[in-house]
$ cat input35.txt   # compact mmCIF, C-alpha atoms
# COMPACT_ATOMS: atom_id res chain seq x y z
CA MET A 1 67.07 60.60 -11.13
CA LEU A 2 65.58 57.39 -9.80
CA GLN A 3 61.85 56.99 -10.30
CA ILE A 4 59.86 55.70 -7.34
CA SER A 5 56.17 54.81 -7.47
CA SER A 6 53.61 53.17 -5.19
CA ASN A 7 50.55 53.98 -7.31
CA PHE A 8 49.43 50.37 -7.75
CA ASP A 9 47.53 47.63 -5.96
CA GLY A 10 48.80 47.49 -2.38
CA GLY A 11 51.41 50.19 -2.89
CA ALA A 12 52.38 52.53 -0.04
CA ILE A 13 55.30 54.88 0.62
CA ILE A 14 56.00 58.61 1.00
CA ILE A 15 58.87 59.89 -1.14
CA ILE A 16 60.87 62.66 0.50
CA ASP A 17 63.93 62.95 -1.74
CA PRO A 18 65.05 60.35 -4.34
CA SER A 19 67.69 62.54 -5.97
CA ASP A 20 70.77 61.02 -4.32
CA PRO A 21 71.09 57.20 -4.76
CA ALA A 22 73.33 57.13 -1.70
CA ASN A 23 70.59 58.70 0.43
CA ILE A 24 67.08 57.92 -0.82
CA ARG A 25 64.79 59.47 1.78
CA LEU A 26 61.41 57.85 2.41
CA ARG A 27 58.69 57.79 5.06
CA LEU A 28 56.11 55.22 6.01
CA ARG A 29 52.63 56.24 4.92
CA ASP A 30 49.63 56.08 7.24
CA ASP A 31 46.73 53.82 6.30
CA ASN A 32 44.41 55.79 4.02
CA VAL A 33 42.41 56.78 7.13
CA GLY A 34 43.81 56.58 10.66
CA ASP A 35 47.15 56.36 12.39
CA PHE A 36 48.34 52.84 11.54
CA ARG A 37 51.66 52.73 9.68
CA GLN A 38 54.15 49.96 8.99
CA TRP A 39 53.39 48.52 5.56
CA PHE A 40 55.41 49.68 2.56
CA TYR A 41 55.47 48.52 -1.05
CA PHE A 42 56.99 50.48 -3.89
CA ARG A 43 58.76 50.21 -7.25
CA VAL A 44 62.08 51.83 -8.14
CA SER A 45 63.31 52.31 -11.73
CA GLY A 46 66.71 53.41 -13.03
CA MET A 47 68.63 51.13 -10.67
CA ARG A 48 70.95 49.06 -12.86
CA GLY A 49 74.58 49.28 -11.76
CA LEU A 50 73.80 51.31 -8.66
CA ALA A 51 74.23 50.47 -4.99
CA PRO A 52 71.40 52.62 -3.59
CA VAL A 53 70.85 53.32 0.09
CA PHE A 54 67.23 53.63 1.22
CA ARG A 55 66.31 55.31 4.48
CA ILE A 56 62.83 55.10 5.98
CA GLU A 57 63.16 58.04 8.30
CA ASN A 58 60.07 57.58 10.49
CA ALA A 59 60.45 53.87 11.25
CA SER A 60 60.47 54.63 14.97
CA GLU A 61 57.03 56.24 14.59
CA SER A 62 55.51 53.09 13.11
CA SER A 63 52.71 51.17 14.78
CA TYR A 64 55.10 48.41 15.85
CA PRO A 65 58.66 49.75 16.19
CA ASP A 66 59.63 46.54 18.00
CA GLY A 67 59.25 44.89 14.62
CA TRP A 68 62.36 46.52 13.14
CA PRO A 69 65.23 44.94 15.13
CA GLY A 70 66.29 41.85 13.17
CA TYR A 71 63.99 42.73 10.26
CA GLN A 72 65.05 42.46 6.59
CA ALA A 73 63.05 44.11 3.80
CA CYS A 74 61.69 42.03 0.90
CA MET A 75 62.75 42.61 -2.69
CA SER A 76 61.94 41.25 -6.16
CA TYR A 77 63.01 41.93 -9.74
CA ASP A 78 59.98 40.20 -11.30
CA ARG A 79 57.26 40.24 -8.57
CA GLU A 80 57.32 36.44 -8.58
CA HIS A 81 60.55 35.61 -6.76
CA TRP A 82 61.00 37.52 -3.53
CA PHE A 83 64.03 37.51 -1.26
CA ARG A 84 65.35 39.43 1.73
CA ILE A 85 67.75 42.36 1.58
CA PRO A 86 70.49 41.25 3.99
CA ASN A 87 71.93 44.70 4.59
CA CYS A 88 69.15 46.15 6.75
CA ARG A 89 69.72 47.98 9.98
CA TYR A 90 67.62 49.94 12.45
CA ASP A 91 69.25 52.56 14.67
CA GLY A 92 66.23 53.24 16.86
CA ARG A 93 64.89 55.87 14.51
CA THR A 94 65.58 55.07 10.84
CA LEU A 95 65.40 51.80 8.90
CA THR A 96 68.23 51.70 6.36
CA PHE A 97 68.84 49.10 3.66
CA SER A 98 71.05 48.83 0.60
CA PHE A 99 72.05 46.37 -2.14
CA ASN A 100 73.79 46.15 -5.51
CA ALA A 101 71.09 46.39 -8.18
CA LYS A 102 71.33 43.72 -10.91
CA HIS A 103 68.42 45.04 -12.99
CA ASP A 104 66.91 48.39 -13.83
CA THR A 105 63.65 47.97 -11.90
CA VAL A 106 63.04 46.52 -8.45
CA TRP A 107 60.03 46.13 -6.16
CA ILE A 108 60.53 46.48 -2.41
CA ALA A 109 57.95 45.54 0.23
CA TYR A 110 57.47 44.98 3.93
CA PHE A 111 56.42 41.40 3.18
CA GLU A 112 55.89 39.41 -0.01
CA PRO A 113 52.62 40.95 -1.33
CA TYR A 114 49.46 39.07 -2.23
CA SER A 115 47.67 41.01 -4.94
CA TYR A 116 43.94 41.44 -5.46
CA GLU A 117 44.39 39.98 -8.95
CA ARG A 118 45.91 36.84 -7.45
CA HIS A 119 42.94 36.71 -5.07
CA GLN A 120 40.56 36.80 -8.04
CA ALA A 121 42.49 34.02 -9.76
CA LEU A 122 42.45 31.88 -6.60
CA ILE A 123 38.73 32.08 -5.99
CA GLY A 124 38.03 31.72 -9.72
CA ARG A 125 39.86 28.44 -10.20
CA ALA A 126 38.64 27.04 -6.86
CA GLY A 127 35.00 28.07 -7.28
CA ILE A 128 34.43 25.97 -10.40
CA ARG A 129 35.66 22.71 -8.87
CA PRO A 130 33.16 19.96 -7.97
CA GLY A 131 31.88 20.26 -4.44
CA VAL A 132 33.08 23.86 -4.04
CA SER A 133 30.84 26.91 -3.96
CA LEU A 134 32.02 30.50 -4.35
CA ARG A 135 29.78 32.62 -2.15
CA ASN A 136 29.53 36.39 -1.96
CA LEU A 137 28.74 37.05 1.70
CA GLY A 138 28.37 40.81 1.28
CA SER A 139 30.31 43.90 0.29
CA SER A 140 33.14 45.94 1.75
CA VAL A 141 32.91 49.67 2.44
CA GLN A 142 34.04 50.39 -1.13
CA GLY A 143 31.81 47.73 -2.65
CA ARG A 144 34.25 44.86 -3.16
CA PRO A 145 32.77 41.40 -2.59
CA ILE A 146 33.58 39.48 0.59
CA ASP A 147 34.36 36.14 -1.01
CA ALA A 148 33.99 32.79 0.73
CA LEU A 149 34.84 29.36 -0.64
CA GLN A 150 32.61 26.64 0.75
CA PHE A 151 33.87 23.08 0.50
CA GLY A 152 30.99 20.61 0.74
CA GLU A 153 27.28 20.95 1.38
CA ARG A 154 25.85 21.53 4.81
CA SER A 155 23.97 18.54 6.13
CA LYS A 156 23.03 16.88 9.40
CA GLY A 157 26.02 15.35 11.11
CA ARG A 158 28.61 17.41 9.25
CA ARG A 159 30.59 19.92 11.28
CA ASN A 160 31.02 23.58 10.30
CA VAL A 161 34.61 24.82 10.09
CA TRP A 162 35.22 28.53 9.43
CA ILE A 163 38.58 30.07 8.55
CA VAL A 164 38.97 33.84 8.13
CA CYS A 165 42.11 35.44 6.73
CA ARG A 166 43.63 38.90 6.39
CA GLN A 167 41.53 41.02 8.72
CA HIS A 168 44.65 43.17 8.80
CA PRO A 169 45.46 43.75 5.11
CA GLY A 170 49.20 44.24 5.53
CA GLU A 171 49.41 40.70 6.91
CA ALA A 172 49.69 39.23 3.42
CA MET A 173 51.02 35.93 4.79
CA ALA A 174 47.44 35.18 5.85
CA GLU A 175 46.22 34.98 2.25
CA TRP A 176 49.28 32.95 1.23
CA PHE A 177 48.20 30.58 4.03
CA ALA A 178 44.69 30.47 2.55
CA GLU A 179 46.05 29.60 -0.88
CA GLY A 180 48.05 26.68 0.49
CA LEU A 181 45.07 25.36 2.44
CA ILE A 182 42.70 25.74 -0.52
CA GLU A 183 45.06 24.03 -2.96
CA ARG A 184 45.39 21.02 -0.68
CA LEU A 185 41.62 20.83 -0.21
CA LEU A 186 41.24 20.81 -4.00
CA ASP A 187 43.64 17.89 -4.47
CA ALA A 188 41.43 14.89 -5.30
CA ALA A 189 44.31 12.49 -4.53
CA GLU A 190 44.95 13.94 -1.06
CA PRO A 191 43.48 11.56 1.57
CA VAL A 192 43.54 14.00 4.48
CA ALA A 193 41.68 16.62 2.43
CA ARG A 194 39.19 14.02 1.25
CA GLU A 195 38.42 12.92 4.81
CA VAL A 196 38.12 16.51 6.09
CA ARG A 197 35.64 17.27 3.32
CA ARG A 198 33.66 14.13 4.20
CA LEU A 199 33.35 15.05 7.85
CA ALA A 200 32.82 18.81 7.62
CA CYS A 201 31.68 21.75 5.58
CA ILE A 202 34.66 24.10 5.42
CA THR A 203 34.18 27.79 4.68
CA ILE A 204 37.28 29.88 3.96
CA VAL A 205 37.27 33.66 3.63
CA PRO A 206 40.66 34.28 1.96
CA ASN A 207 40.53 38.06 2.36
CA ILE A 208 37.96 39.70 4.60
CA ASN A 209 39.51 43.15 4.05
CA PRO A 210 39.89 43.64 0.28
CA ASP A 211 39.65 47.45 0.48
CA GLY A 212 42.55 47.70 2.90
CA SER A 213 44.61 45.31 0.78
CA VAL A 214 44.16 47.31 -2.42
CA LEU A 215 44.72 50.62 -0.60
CA GLY A 216 48.04 49.46 0.84
CA ASN A 217 46.87 49.63 4.47
CA LEU A 218 48.57 47.88 7.33
CA ARG A 219 45.68 47.26 9.68
CA SER A 220 42.42 48.97 8.72
CA ASN A 221 39.61 49.00 6.20
CA ALA A 222 38.68 51.94 3.94
CA VAL A 223 37.22 53.99 6.81
CA GLY A 224 40.11 53.41 9.20
CA VAL A 225 38.53 50.61 11.25
CA ASN A 226 40.52 47.71 12.68
CA LEU A 227 38.21 44.83 11.79
CA ASN A 228 39.59 42.64 14.56
CA ARG A 229 38.09 44.98 17.14
CA GLU A 230 34.59 44.94 15.62
CA TRP A 231 33.26 41.45 16.26
CA HIS A 232 31.21 42.36 19.34
CA ALA A 233 29.12 44.95 17.46
CA PRO A 234 29.87 45.33 13.72
CA SER A 235 27.93 47.88 11.71
CA LEU A 236 27.10 48.46 8.07
CA GLN A 237 28.79 51.86 8.20
CA ARG A 238 32.02 50.95 10.00
CA SER A 239 32.61 47.26 9.41
CA PRO A 240 30.28 45.66 6.85
CA GLU A 241 33.02 43.11 6.17
CA VAL A 242 32.71 41.66 9.68
CA LEU A 243 28.95 42.07 9.76
CA CYS A 244 28.33 39.92 6.69
CA VAL A 245 30.71 37.17 7.81
CA ARG A 246 29.24 37.13 11.28
CA ASN A 247 25.71 36.91 9.85
CA ALA A 248 26.77 33.94 7.70
CA MET A 249 28.25 32.23 10.75
CA GLU A 250 25.03 32.75 12.68
CA ALA A 251 23.18 31.01 9.85
CA THR A 252 25.42 27.93 9.86
CA GLY A 253 26.83 27.65 13.34
CA VAL A 254 30.54 27.15 14.00
CA ASP A 255 32.25 24.03 15.34
CA LEU A 256 35.85 25.14 14.76
CA PHE A 257 37.20 28.60 13.95
CA LEU A 258 40.62 29.83 12.82
CA ASP A 259 41.60 33.47 12.34
CA ILE A 260 44.84 33.87 10.36
CA HIS A 261 47.26 36.76 11.03
CA GLY A 262 50.88 37.94 11.04
CA ASP A 263 52.90 39.41 13.91
CA GLU A 264 55.42 42.19 13.35
CA ALA A 265 57.71 41.59 16.33
CA LEU A 266 57.78 37.90 17.26
CA PRO A 267 59.91 35.76 14.91
CA TYR A 268 57.82 32.61 15.44
CA VAL A 269 54.72 30.80 14.24
CA PHE A 270 52.30 30.43 17.13
CA ILE A 271 48.65 30.17 18.04
CA ASP A 272 46.77 32.34 20.49
CA GLY A 273 43.95 30.22 21.85
CA SER A 274 40.74 31.11 23.69
CA GLN A 275 41.39 29.46 27.05
CA MET A 276 41.11 32.90 28.70
CA VAL A 277 37.52 33.39 27.47
CA PRO A 278 35.02 32.88 30.32
CA GLY A 279 33.13 29.64 29.81
CA TYR A 280 35.61 28.13 27.33
CA GLY A 281 35.80 25.16 29.64
CA GLU A 282 38.05 22.17 30.20
CA LEU A 283 36.83 20.21 27.20
CA ASN A 284 37.58 22.97 24.69
CA THR A 285 40.91 23.67 26.37
CA MET A 286 41.80 19.97 26.08
CA ARG A 287 40.75 19.84 22.41
CA GLN A 288 42.69 23.01 21.70
CA GLY A 289 45.78 21.42 23.26
CA ARG A 290 45.42 18.33 21.09
CA PHE A 291 45.06 20.53 18.02
CA LEU A 292 48.28 22.37 18.83
CA ASN A 293 50.16 19.16 19.58
CA THR A 294 49.19 17.73 16.20
CA LEU A 295 50.18 20.92 14.39
CA ALA A 296 53.57 20.87 16.09
CA VAL A 297 54.13 17.29 14.87
CA VAL A 298 53.14 17.86 11.23
CA SER A 299 54.85 21.27 10.90
CA PRO A 300 58.16 21.90 12.67
CA ASP A 301 57.70 25.57 11.69
CA PHE A 302 55.10 25.77 14.48
CA GLN A 303 56.04 26.08 18.15
CA ARG A 304 54.34 26.52 21.53
CA ARG A 305 57.03 28.22 23.65
CA HIS A 306 56.61 31.80 22.42
CA GLY A 307 53.37 33.73 21.96
CA TYR A 308 50.97 36.12 23.62
CA THR A 309 50.14 36.13 27.32
CA ASP A 310 46.55 35.38 28.30
CA ASP A 311 46.03 38.94 29.59
CA ARG A 312 47.29 40.68 26.43
CA PHE A 313 43.90 41.96 25.25
CA LYS A 314 42.15 42.58 28.60
CA ASN A 315 38.99 44.71 28.15
CA GLU A 316 38.87 44.29 24.36
CA LEU A 317 38.88 40.49 24.55
CA LEU A 318 35.44 39.83 23.05
CA GLN A 319 35.99 42.39 20.32
CA LEU A 320 38.42 39.96 18.67
CA ALA A 321 37.19 37.42 16.15
CA SER A 322 38.48 34.22 17.75
CA LYS A 323 37.42 35.25 21.26
CA TRP A 324 33.96 36.37 20.13
CA VAL A 325 33.42 33.11 18.24
CA ALA A 326 34.55 31.06 21.26
CA ASP A 327 32.07 32.93 23.46
CA ARG A 328 29.18 32.89 20.98
CA PHE A 329 29.40 29.33 19.68
CA GLY A 330 31.18 27.54 22.51
CA CYS A 331 33.67 25.94 20.14
CA VAL A 332 37.44 25.66 19.81
CA SER A 333 38.50 29.00 18.35
CA MET A 334 42.07 30.19 17.74
CA THR A 335 44.22 32.86 16.11
CA LEU A 336 47.28 31.77 14.13
CA GLU A 337 50.17 34.23 13.93
CA MET A 338 53.06 34.02 11.44
CA PRO A 339 56.13 36.28 11.40
CA PHE A 340 56.94 39.23 9.19
CA LYS A 341 60.60 38.53 9.91
CA ASP A 342 61.97 35.01 9.78
CA ASN A 343 61.12 31.95 11.83
CA ALA A 344 63.85 31.96 14.48
CA ASP A 345 63.42 28.21 14.96
CA ALA A 346 64.04 27.47 11.25
CA PRO A 347 65.72 30.51 9.69
CA ASP A 348 66.18 30.98 5.96
CA SER A 349 68.61 33.82 5.31
CA HIS A 350 67.56 34.14 1.67
CA THR A 351 63.77 34.41 1.97
CA GLY A 352 62.97 34.73 5.65
CA TRP A 353 59.38 33.78 6.34
CA ASN A 354 57.65 34.19 2.98
CA GLY A 355 54.63 33.34 0.87
CA LYS A 356 55.70 29.78 0.09
CA ARG A 357 56.29 28.93 3.73
CA SER A 358 52.94 30.46 4.64
CA LYS A 359 51.31 28.23 2.00
CA ARG A 360 52.97 25.18 3.55
CA MET A 361 51.58 26.19 6.92
CA GLY A 362 48.11 26.44 5.40
CA ALA A 363 48.42 22.98 3.90
CA ALA A 364 49.71 21.53 7.18
CA MET A 365 46.65 22.87 9.02
CA LEU A 366 44.49 20.11 7.52
CA HIS A 367 46.04 17.50 9.82
CA PRO A 368 44.99 19.08 13.14
CA ILE A 369 41.63 19.98 11.60
CA LEU A 370 41.07 16.30 10.78
CA GLY A 371 42.17 15.28 14.27
CA HIS A 372 39.73 17.75 15.79
CA LEU A 373 36.86 16.50 13.65
CA ARG A 374 37.56 12.91 14.67
CA ASP A 375 37.65 13.95 18.34
CA GLY A 376 33.94 14.59 18.04

$ encode --input "input35.txt" --output "structure tokens"
Amino acid sequence: MLQISSNFDGGAIIIIDPSDPANIRLRLRDDNVGDFRQWFYFRVSGMRGLAPVFRIENASESSYPDGWPGYQACMSYDREHWFRIPNCRYDGRTLTFSFNAKHDTVWIAYFEPYSYERHQALIGRAGIRPGVSLRNLGSSVQGRPIDALQFGERSKGRRNVWIVCRQHPGEAMAEWFAEGLIERLLDAAEPVAREVRRLACITIVPNINPDGSVLGNLRSNAVGVNLNREWHAPSLQRSPEVLCVRNAMEATGVDLFLDIHGDEALPYVFIDGSQMVPGYGELNTMRQGRFLNTLAVVSPDFQRRHGYTDDRFKNELLQLASKWVADRFGCVSMTLEMPFKDNADAPDSHTGWNGKRSKRMGAAMLHPILGHLRDG
């Protein structure tokens, strides 16, 4: 019999019946608390020479069923090199995928995972570099540190840029983005990074929801709270992760804010701005437009045709991070979304949108940040 396990960092799946390789029955697991479900990540052993067929029977009951048409699951034999399973299909109820196994053990995931161990390695190697401070802003519900990397010292005349990633833990592309941005900022020979660091103090929170990431949640923290609906009134009991970051922002001020996410359904990279926030004003709208134009030039993966409508969030508008920051600090404030599927404008049938492409997007973000800082 095949052996299936998800009892590891970020793992999530419900095993119904693994006895028949031609009909391996699975179900999506809810977040550890609450009704969110979409993320899966599991390991299968005993595969060599088989052509197994996996069926996720409750795909239609997921949080975002519109995400399944055109979707291809991610797979790896070594947890380093991830690729898409081309034979995926969704019939309106069940997600089915199959492949010819080349090795005994395989890992399968909704998107290329970003482990908590990799997070530790990232902040560890970055935090010891000259001009970089590793700050512990507070603790999560389960006591994990909310890490922030601060590039440069705060001083008069220097702008404050804040970038927050992975409010929704299943959106692993957000922390891949952070890694790409951080690595470029650390490159002493990189002139754009050097100039950004001269003009601004940049604070990056690579993973604001470490509990949810370790628990294998799609969208919530350890007590079932969607952090991106807590920014208007975070609490120590429900959302200490947001509370500590918000307190740190209040202490420094914010001149530019980016909130990094992934979207299940739209196969594009896009930004949701804050032009719909009352009081955002013509100047911020103009600066936001310049920012987006620059990003579109330096990264053809980014586009401006597809995205969210301005009325998408309605009454919950100021509960969202980028909208709350725009209202509170009067600055340009945006949410970047990357796809779980592929980028329809630049498809890659082997990998789809993946960690490496997310890293490239993070690195590319330095150009519009520099342009914004020079705008004054």

$ residues_around --input "input35.txt" --residues "Ala174 in chain A" --least-positions-apart "2" --cutoff "9 Å" --atoms "all atoms listed in the file" --output "list in words"
Val164, Cys165, Arg166, Gln167, His168, Pro169, Glu171, Ala172, Trp176, Phe177, Ala178, Glu179, Pro206, Asn207, Asp259, Ile260, His261, Gly262, Leu336, Glu337, Met338, Gly355, Ser358, Lys359 and Gly362 of chain A

$ residues_around --input "input35.txt" --residues "Val161 in chain A" --least-positions-apart "4" --cutoff "9 Å" --atoms "only C-alpha atoms" --output "list in words"
Ala200, Cys201, Ile202, Thr203, Ile204, Gly253, Val254, Asp255, Leu256, Phe257, Leu258 and Ile369 of chain A

$ residues_around --input "input35.txt" --residues "Gly157 in chain A" --least-positions-apart "3" --cutoff "12 Å" --atoms "only C-alpha atoms" --output "list in words"
Glu153, Arg154, Asn160, Arg198, Leu199, Ala200, Cys201, Asp255, Leu373 and Gly376 of chain A

$ atom_distance --input "input35.txt" --atom1 "CA of Asp35 in chain A" --atom2 "CA of Ser62 in chain A"
9.0 Å

$ closest_residue --input "input35.txt" --among "A:Asn58, A:Ser115, A:Asn226, A:Ser133" --to "Asp9 in chain A" --atoms "only C-alpha atoms"
A:Ser115

$ residues_around --input "input35.txt" --residues "Glu117 in chain A" --least-positions-apart "3" --cutoff "10 Å" --atoms "all atoms listed in the file" --output "JSON, numbers by chain"
{"A": [9, 114, 120, 121, 122, 214]}

$ closest_atom_pairs --input "input35.txt" --of "range 291-358 of chain A" --to "range 265-283 of chain A" --cutoff "7 Å" --atoms "all atoms listed in the file" --output "CSV"
residue,atom,partner,partner_atom,distance
A:Asp301,CA,A:Val269,CA,6.5
A:Phe302,CA,A:Val269,CA,5.1
A:Gln303,CA,A:Phe270,CA,5.8
A:Arg304,CA,A:Phe270,CA,6.2
A:His306,CA,A:Phe270,CA,7.0
A:Gly307,CA,A:Phe270,CA,5.9
A:Tyr308,CA,A:Asp272,CA,6.5
A:Asp310,CA,A:Met276,CA,6.0
A:Lys323,CA,A:Ser274,CA,5.8
A:Ala326,CA,A:Ser274,CA,6.7
A:Asp327,CA,A:Val277,CA,6.8
A:Gly330,CA,A:Tyr280,CA,6.6
A:Ser333,CA,A:Ser274,CA,6.2
A:Met334,CA,A:Gly273,CA,4.5
A:Thr335,CA,A:Asp272,CA,5.1
A:Leu336,CA,A:Ile271,CA,4.4
A:Glu337,CA,A:Phe270,CA,5.4
A:Met338,CA,A:Val269,CA,4.6
A:Pro339,CA,A:Pro267,CA,5.2
A:Lys341,CA,A:Pro267,CA,5.8
A:Asp342,CA,A:Pro267,CA,5.6
A:Asn343,CA,A:Tyr268,CA,4.9
A:Ala344,CA,A:Pro267,CA,5.5

$ closest_atom_pairs --input "input35.txt" --of "range 216-278 of chain A" --to "range 139-148 of chain A" --cutoff "12 Å" --atoms "all atoms listed in the file" --output "Markdown table"
| residue | atom | partner | partner_atom | distance |
| --- | --- | --- | --- | --- |
| A:Ser220 | CA | A:Val141 | CA | 11.4 |
| A:Asn221 | CA | A:Val141 | CA | 7.7 |
| A:Ala222 | CA | A:Val141 | CA | 6.4 |
| A:Val223 | CA | A:Val141 | CA | 7.5 |
| A:Gly224 | CA | A:Val141 | CA | 10.6 |
| A:Val225 | CA | A:Val141 | CA | 10.5 |
| A:Leu227 | CA | A:Ser140 | CA | 11.3 |
| A:Ser235 | CA | A:Val141 | CA | 10.7 |
| A:Leu236 | CA | A:Val141 | CA | 8.2 |
| A:Gln237 | CA | A:Val141 | CA | 7.4 |
| A:Arg238 | CA | A:Val141 | CA | 7.7 |
| A:Ser239 | CA | A:Val141 | CA | 7.4 |
| A:Pro240 | CA | A:Ser140 | CA | 5.9 |
| A:Glu241 | CA | A:Ser140 | CA | 5.2 |
| A:Val242 | CA | A:Ser140 | CA | 9.0 |
| A:Leu243 | CA | A:Ser139 | CA | 9.7 |
| A:Cys244 | CA | A:Ser139 | CA | 7.8 |
| A:Val245 | CA | A:Ile146 | CA | 8.1 |
| A:Arg246 | CA | A:Ile146 | CA | 11.8 |
| A:Ala248 | CA | A:Ala148 | CA | 10.1 |
| A:Met249 | CA | A:Ala148 | CA | 11.6 |

$ closest_residue --input "input35.txt" --among "A:Met286, A:Leu137, A:Val106, A:Ala51" --to "Ile208 in chain A" --atoms "all atoms listed in the file"
A:Leu137

$ atom_distance --input "input35.txt" --atom1 "CA of Trp353 in chain A" --atom2 "CA of Phe340 in chain A"
6.6 Å

$ closest_residue --input "input35.txt" --among "A:Glu264, A:Asp20, A:Asp187, A:Asp375" --to "Pro130 in chain A" --atoms "all atoms listed in the file"
A:Asp187

$ closest_residue --input "input35.txt" --among "A:Val298, A:Leu370, A:Ala363, A:Ile85" --to "Gly180 in chain A" --atoms "only C-alpha atoms"
A:Ala363

$ atom_distance --input "input35.txt" --atom1 "CA of Gly34 in chain A" --atom2 "CA of Arg312 in chain A"
22.7 Å

$ closest_residue --input "input35.txt" --among "A:Ile56, A:Leu50, A:Leu366, A:Ile4" --to "Glu190 in chain A" --atoms "all atoms listed in the file"
A:Leu366

$ residues_around --input "input35.txt" --residues "Asn228 in chain A" --least-positions-apart "4" --cutoff "7 Å" --atoms "all atoms listed in the file" --output "ChimeraX atom specification"
/A:167,319-321

$ closest_residue --input "input35.txt" --among "A:Ser76, A:Asp263, A:Ala59, A:Pro347" --to "Met173 in chain A" --atoms "only C-alpha atoms"
A:Asp263

$ residues_near_point --input "input35.txt" --point "(55.3, 58.6, 11.5)" --cutoff "8 Å" --atoms "all atoms listed in the file" --output "ChimeraX atom specification"
/A:27-30,37,58-62
